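Undergrad: Quick one: structure below, then a few questions.
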Amino acid sequence: MMVRTRFAPSPTGYLHIGGVRTALFCWLFARAHGGQFVLRIDDTDQQRNVDAALKPILDGLRWLGIDWDEGPEAGGEHGPYYQSQRAENYKAAAQKLLADGLAYYDYARTEEVQAEREAAEKAKVQFVYSRRWMAETAEDRARFEAEGRQAVVRLKMPREGKLVIPDLIRGDVEFDWAREQDHVIQRADGSCLYHLATVVDDHDMEISHVIRAEEHLSNTPRQIFIAHGLGYDLPQYAHLPFVAEPGSKVKLSKRKLDKYLKNKDFNQLLQHGQKIAEAIGLTIDMDTFNPVIVDFYEQVGYLPEAIVNYLALLGWSLDDKTEHFTTAQLVEVFSLQRVNKAPASFDPKKLSAFQERHMLDLPIDKKVDMVLPYLEKAGMVPAGDAAVRPKVRQIVEAASDRIKVAGDIVDYGDFFVADDELTYDEKAFEKRLRKPEDAAGLLKKFRQVLADAEAFDAESLDRLLHEFVETEEIKIGQVIHAIRVAATGKAVGFGMFDTLAILGKPSCLARIDRALAVV
RNA sequence: GGCCCCGUCGUCUAGCCAGGUUAGGACACAGGCCUUUCAAGCCUGCAGCACGGGUUCAAAUCCCGUCGGGGUCACCA
């Protein structure tokens with residue numbers, strides 16, 4: 001049997017980390033079995049700007065490498081892939097259920113059903129709709145309509161017996177039919193609801209495996225009822241554990257952003273991103289620029305493979321030791337059998353760790369490619385100027401693993417500012433240049449050494465400084481910090497000799513002179 | 001509240017189905033080494049089977065119960 005899975009997002013305007021994890025598992029499963037992955041848009045609850053609200057979702061999936069064989073922009077034989085364009089199929093399905101006595105026209109007013117529901121609640125008994133306004137004959141319909149009532153279509157659910165849902169992850173899950181309500185599947189205006197639509201579409205699109213988040217498990221009986229009623233073969237179900245909040249077991253939700261911000265690790269991740277966003281002049285929309293939304297990671301320069309790797313491990317594992325995977329490797333080894341049942345909470349720190357690991361694997365030139373746009377956006381280098389590349393490459397190489405995400409390159413903006421525009425970190429300047437009595441004097445002496453230097457590569461500079469330290473009979477720490485602050489304005493950075501070499505002799509001398517002048 | 005799901009270090013997890021492990025790995029954390037700062041790296045450490053019964057020579061693993069957490073109960077998806 002051909003494996004076909006689907007991901008069916010609503011066009012909400014953003015791609016949520018929990019949603020994308022579900023999409024990833026669907027995709028991985030399809031790819032692992034040489035099957036197809038379908039993208040279908042759940043826009044039955046019409047809003048206007050579907051295209052605009054869909055774009056971030058499609059972009060996010062594409063960025064992560066989750067490609068779809070059928071769906072928006074891809075086409076396919078099972079289209080259209082927008083539920084809003086498939087309404088006729090749902091109506092036909094509703095008609096069939098009606099004709100077979102598995103659904104009925106219901107003329108109850110919303111308040112009337114609500115009143116029954118509340119009465120049951122008050123009496124602390126299970127709510128069972130009285131079906132008082134059920135109309136199964138033309139006469140009944142005419143009578144209710146004469147009262148000015150309008151009909152919705154409800155499922156005529158069984159009121160006894162049990163149902164067993166075979167779930168690939170959870171095993172057999174048993175439900176009592178009696179607990180199920182007569183759900184509405186079609187509104188008075190003829191539009192159909194999610195459960196009907198999803199069952200019809202999954203069938204029409206020949207979906208073999210319905211892989212979705214756990215919160216849908218309790219919705220499954222009614223869907224099975226519909227599928228049976230329509231004479232469909234059931235797909236295989238697999239209900240994934242949901243992704244939980246950092247440090248909790250509660251489902252991750254975009255709406256609770258304020259709460260997550262109080263989480264130290266989460267907040268740190270966000271602040272890191274904000275620093276980069278600020279440097280590159282990105283206008284921050286808190287609604288989408290935060291670690292719950294995939295777009296955030298793209299903006300600040302994460303590696304899609306790292307996100308995929310981390311997400312894959314949220315609820316799935318291969319064995320007791322392998323954690324580092326490329327997306328291609330995941331496709332090779334992924335299986336539903338090894339998906340966990342318990343919810344997995346989102347750990348910003350661990351995500352960062354994966355990012356670092358993947359960054360380590362990235363060839364230097366790829367890193368340069370990633371980093372360049374950030375320097376351009378920050379106005380640190382002119383846009384599209386190939387001449388800056390060698391210098392950027394040197395910096396990236398020297399910074400090595402200090403660049404955790406591409407946007408971190410903005411930390412090295414000092415290499416690109418004019419010598420007389422360098423700003424000093426006041427605290428560092430005070431501590432390293434002003435306070436130590438001998439700092440300025442030593443720096444001045446070493447400036448002469450630099451001025452006389454014939455070669456200005458890192459290795460030569462290293463030798464020069466060590467010779468200097470020896471003849472002066474001082475410790476390297478007595479002078480090197482002063483040099484760093486003078487040359488970069490900061491107390492921290494990568495190797496001192498790389499720093500000086502990249503800056504070049506004229507810049508080094510100019511910067512030292514300038515620092516000396518204000519000590 | 002009803003129904004359903006879940007419960008191994010702080011977190012992600014291996015082990016559970018086919019009982020016997022010093023309960024393994026990773027992230028985080030702490031300490032150390034390295035060192036010109038910051039990272040990285042290396043070493044060491046800290047830390048867990050929710051609880052109670054039962055079955056068994058032996059239980060994280062099988063059975064029962066309790067507790068805890070979560071999901072869901074719409075003319076949303």
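By order of appearance in the structure tokens: chains A, B, ..., then residues from 1 within every chain, and ligands from 1 in the order shown.
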Residues of chain B within 8 Å of chain A, counting only C-alpha atoms (C1' of nucleotides), what are they? List them as a list in words.
TA: G1, G2, C3, C4, C6, G7, U11, C12, U13, A14, G24, G25, A26, C27, A28, U36, U37, C38, A39, A40, G69, G70, G71, U72, C75, C76 and A77 of chain B
Undergrad: How would you write, as a PyMOL selection string, the set of residues in range 152-285 of chain A that DSSP gives as strand (DSSP E or B)?
TA: chain A and resi 152-155+162-167+171-176+184-186+192+209-213+236-240+243-244+251
Undergrad: Would you please extract all helix (DSSP H, G or I) residues from range 83-189 of chain A, as assigned by DSSP on the backbone, and give them as a ChimeraX atom specification?
TA: /A:83-85,87-99,110-122,138-146,177-179
Undergrad: Excluding A60 in chain B and any residue of its chain fewer than 3 positions from it, enumerate the residues within 10 Å of it, using only C-alpha atoms (C1' of nucleotides), and give them as an mmCIF file with N, CA and C atoms (P, O5', C5', C4', C3', O3' and C1' of nucleotides), in the first residue's frame.
TA:
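File produced: out26.cif:
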data_model
loop_
_atom_site.group_PDB
_atom_site.id
_atom_site.type_symbol
_atom_site.label_atom_id
_atom_site.label_comp_id
_atom_site.auth_asym_id
_atom_site.auth_seq_id
_atom_site.Cartn_x
_atom_site.Cartn_y
_atom_site.Cartn_z
ATOM 1 P P U B 8 8.368 9.881 33.459
ATOM 2 O "O5'" U B 8 9.517 8.895 33.939
ATOM 3 C "C5'" U B 8 9.525 8.418 35.281
ATOM 4 C "C4'" U B 8 10.880 7.887 35.596
ATOM 5 C "C3'" U B 8 12.022 8.853 35.337
ATOM 6 O "O3'" U B 8 12.205 9.729 36.432
ATOM 7 C "C1'" U B 8 12.551 6.765 34.395
ATOM 8 P P G B 15 14.013 1.417 24.309
ATOM 9 O "O5'" G B 15 14.394 0.583 25.608
ATOM 10 C "C5'" G B 15 15.406 -0.424 25.547
ATOM 11 C "C4'" G B 15 15.782 -0.842 26.940
ATOM 12 C "C3'" G B 15 14.656 -1.493 27.737
ATOM 13 O "O3'" G B 15 14.568 -2.881 27.447
ATOM 14 C "C1'" G B 15 15.809 0.114 29.083
ATOM 15 P P C B 16 13.285 -3.467 26.694
ATOM 16 O "O5'" C B 16 12.163 -3.328 27.798
ATOM 17 C "C5'" C B 16 12.240 -4.082 29.020
ATOM 18 C "C4'" C B 16 10.932 -3.968 29.755
ATOM 19 C "C3'" C B 16 9.730 -4.409 28.925
ATOM 20 O "O3'" C B 16 8.916 -5.263 29.707
ATOM 21 C "C1'" C B 16 9.469 -2.141 29.641
ATOM 22 P P A B 23 21.973 -0.586 38.861
ATOM 23 O "O5'" A B 23 22.142 0.746 37.962
ATOM 24 C "C5'" A B 23 22.650 0.640 36.642
ATOM 25 C "C4'" A B 23 21.617 1.143 35.671
ATOM 26 C "C3'" A B 23 21.656 2.636 35.376
ATOM 27 O "O3'" A B 23 22.714 2.946 34.486
ATOM 28 C "C1'" A B 23 19.432 1.970 35.651
ATOM 29 P P C B 49 13.724 7.767 42.208
ATOM 30 O "O5'" C B 49 13.556 6.604 41.137
ATOM 31 C "C5'" C B 49 12.293 5.964 40.989
ATOM 32 C "C4'" C B 49 11.882 6.060 39.550
ATOM 33 C "C3'" C B 49 10.603 5.323 39.207
ATOM 34 O "O3'" C B 49 9.908 6.067 38.213
ATOM 35 C "C1'" C B 49 12.415 4.382 38.007
#
Undergrad: Excluding same-chain residues fewer than 4 positions from Leu261 in chain A, what lies within 10 Å of it counting only C-alpha atoms (C1' of nucleotides), as a PyMOL selection string?
TA: chain A and resi 256-257+265-271+290-291
Undergrad: Hey, can you spit out that residue selection with N, CA and C atoms as a PDB file, in the first residue's frame?
TA:
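Result file part_6.pdb:
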ATOM      1  N   LYS A 256       0.261  31.777  25.265  1.00  0.00           N
ATOM      2  CA  LYS A 256       0.810  31.953  26.611  1.00  0.00           C
ATOM      3  C   LYS A 256       2.229  32.495  26.593  1.00  0.00           C
ATOM      4  N   LEU A 257       2.525  33.239  25.586  1.00  0.00           N
ATOM      5  CA  LEU A 257       3.861  33.779  25.422  1.00  0.00           C
ATOM      6  C   LEU A 257       4.364  34.502  26.673  1.00  0.00           C
ATOM      7  N   ASP A 265      15.406  30.243  30.402  1.00  0.00           N
ATOM      8  CA  ASP A 265      16.030  29.764  29.174  1.00  0.00           C
ATOM      9  C   ASP A 265      15.317  30.290  27.938  1.00  0.00           C
ATOM     10  N   PHE A 266      14.012  30.287  28.017  1.00  0.00           N
ATOM     11  CA  PHE A 266      13.205  30.767  26.901  1.00  0.00           C
ATOM     12  C   PHE A 266      13.487  32.238  26.658  1.00  0.00           C
ATOM     13  N   ASN A 267      13.529  32.957  27.745  1.00  0.00           N
ATOM     14  CA  ASN A 267      13.776  34.383  27.664  1.00  0.00           C
ATOM     15  C   ASN A 267      15.147  34.697  27.090  1.00  0.00           C
ATOM     16  N   GLN A 268      16.094  33.883  27.483  1.00  0.00           N
ATOM     17  CA  GLN A 268      17.457  34.076  26.995  1.00  0.00           C
ATOM     18  C   GLN A 268      17.524  33.892  25.477  1.00  0.00           C
ATOM     19  N   LEU A 269      16.831  32.851  25.040  1.00  0.00           N
ATOM     20  CA  LEU A 269      16.791  32.561  23.609  1.00  0.00           C
ATOM     21  C   LEU A 269      16.185  33.752  22.852  1.00  0.00           C
ATOM     22  N   LEU A 270      15.127  34.279  23.417  1.00  0.00           N
ATOM     23  CA  LEU A 270      14.467  35.417  22.783  1.00  0.00           C
ATOM     24  C   LEU A 270      15.363  36.650  22.775  1.00  0.00           C
ATOM     25  N   GLN A 271      16.008  36.902  23.904  1.00  0.00           N
ATOM     26  CA  GLN A 271      16.851  38.088  23.983  1.00  0.00           C
ATOM     27  C   GLN A 271      18.019  38.025  23.013  1.00  0.00           C
ATOM     28  N   ASN A 290       9.263  35.190  18.097  1.00  0.00           N
ATOM     29  CA  ASN A 290       9.523  34.575  19.398  1.00  0.00           C
ATOM     30  C   ASN A 290       9.738  33.086  19.201  1.00  0.00           C
ATOM     31  N   PRO A 291      10.394  32.456  20.146  1.00  0.00           N
ATOM     32  CA  PRO A 291      10.831  31.071  19.953  1.00  0.00           C
ATOM     33  C   PRO A 291       9.732  30.021  19.834  1.00  0.00           C
TER      34      PRO A 291
END
Undergrad: May I ask for the distance between CA of Leu464 in chain A and CA of Ile502 in chain A, given in Å to one decimal place?
TA: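 For CA of Leu464 in chain A relative to CA of Ile502 in chain A, the distance reads 16.1 Å.
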Undergrad: Go through B:C67, B:U35, B:U61, B:A30 one by one, measure the shortest atom-to-atom distance of each to A47 in chain B using only C-alpha atoms (C1' of nucleotides), and give the residue with the smallest value.
TA: B:A30
Undergrad: Quote the spacing between CA of Lys262 in chain A and CA of Glu298 in chain A in Å to one decimal place.
TA: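 Distance reported for this atom pair: 23.1 Å.
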Undergrad: What does the distance between CA of Asp172 in chain A and CA of Met157 in chain A come to in Å, to one decimal place?
TA: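 The value is 20.9 Å.
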Undergrad: For Ile207 in chain A, work out the shell of residues within 7 Å, counting only C-alpha atoms (C1' of nucleotides) and skipping chain neighbours fewer than 3 positions away, then give it as a list in words.
TA: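 Near neighbours after the sequence-gap exclusion: Arg4, Thr5, Arg6, Asp202, His203, Val210 and Pro235 of chain A.
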Undergrad: Using only C-alpha atoms (C1' of nucleotides), determine which residues lie at most 12 Å from C17 in chain B, disregarding the query and same-chain residues fewer than 4 positions distant; provide the list as a list in words.
TA: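 The contact residues come out as Gly171 and Gln337 of chain A; U61 and C62 of chain B.
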Undergrad: Would you mind listing what lies within 9 Å of Ala277 in chain A as a list in words, with only C-alpha atoms (C1' of nucleotides) counted and same-chain residues fewer than 4 positions away left out?
TA: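 These residues fall inside the cut-off: His272, Gly273, Gly281, Leu282, Thr283, Ile284, Gln299, Val300 and Gly407 of chain A.
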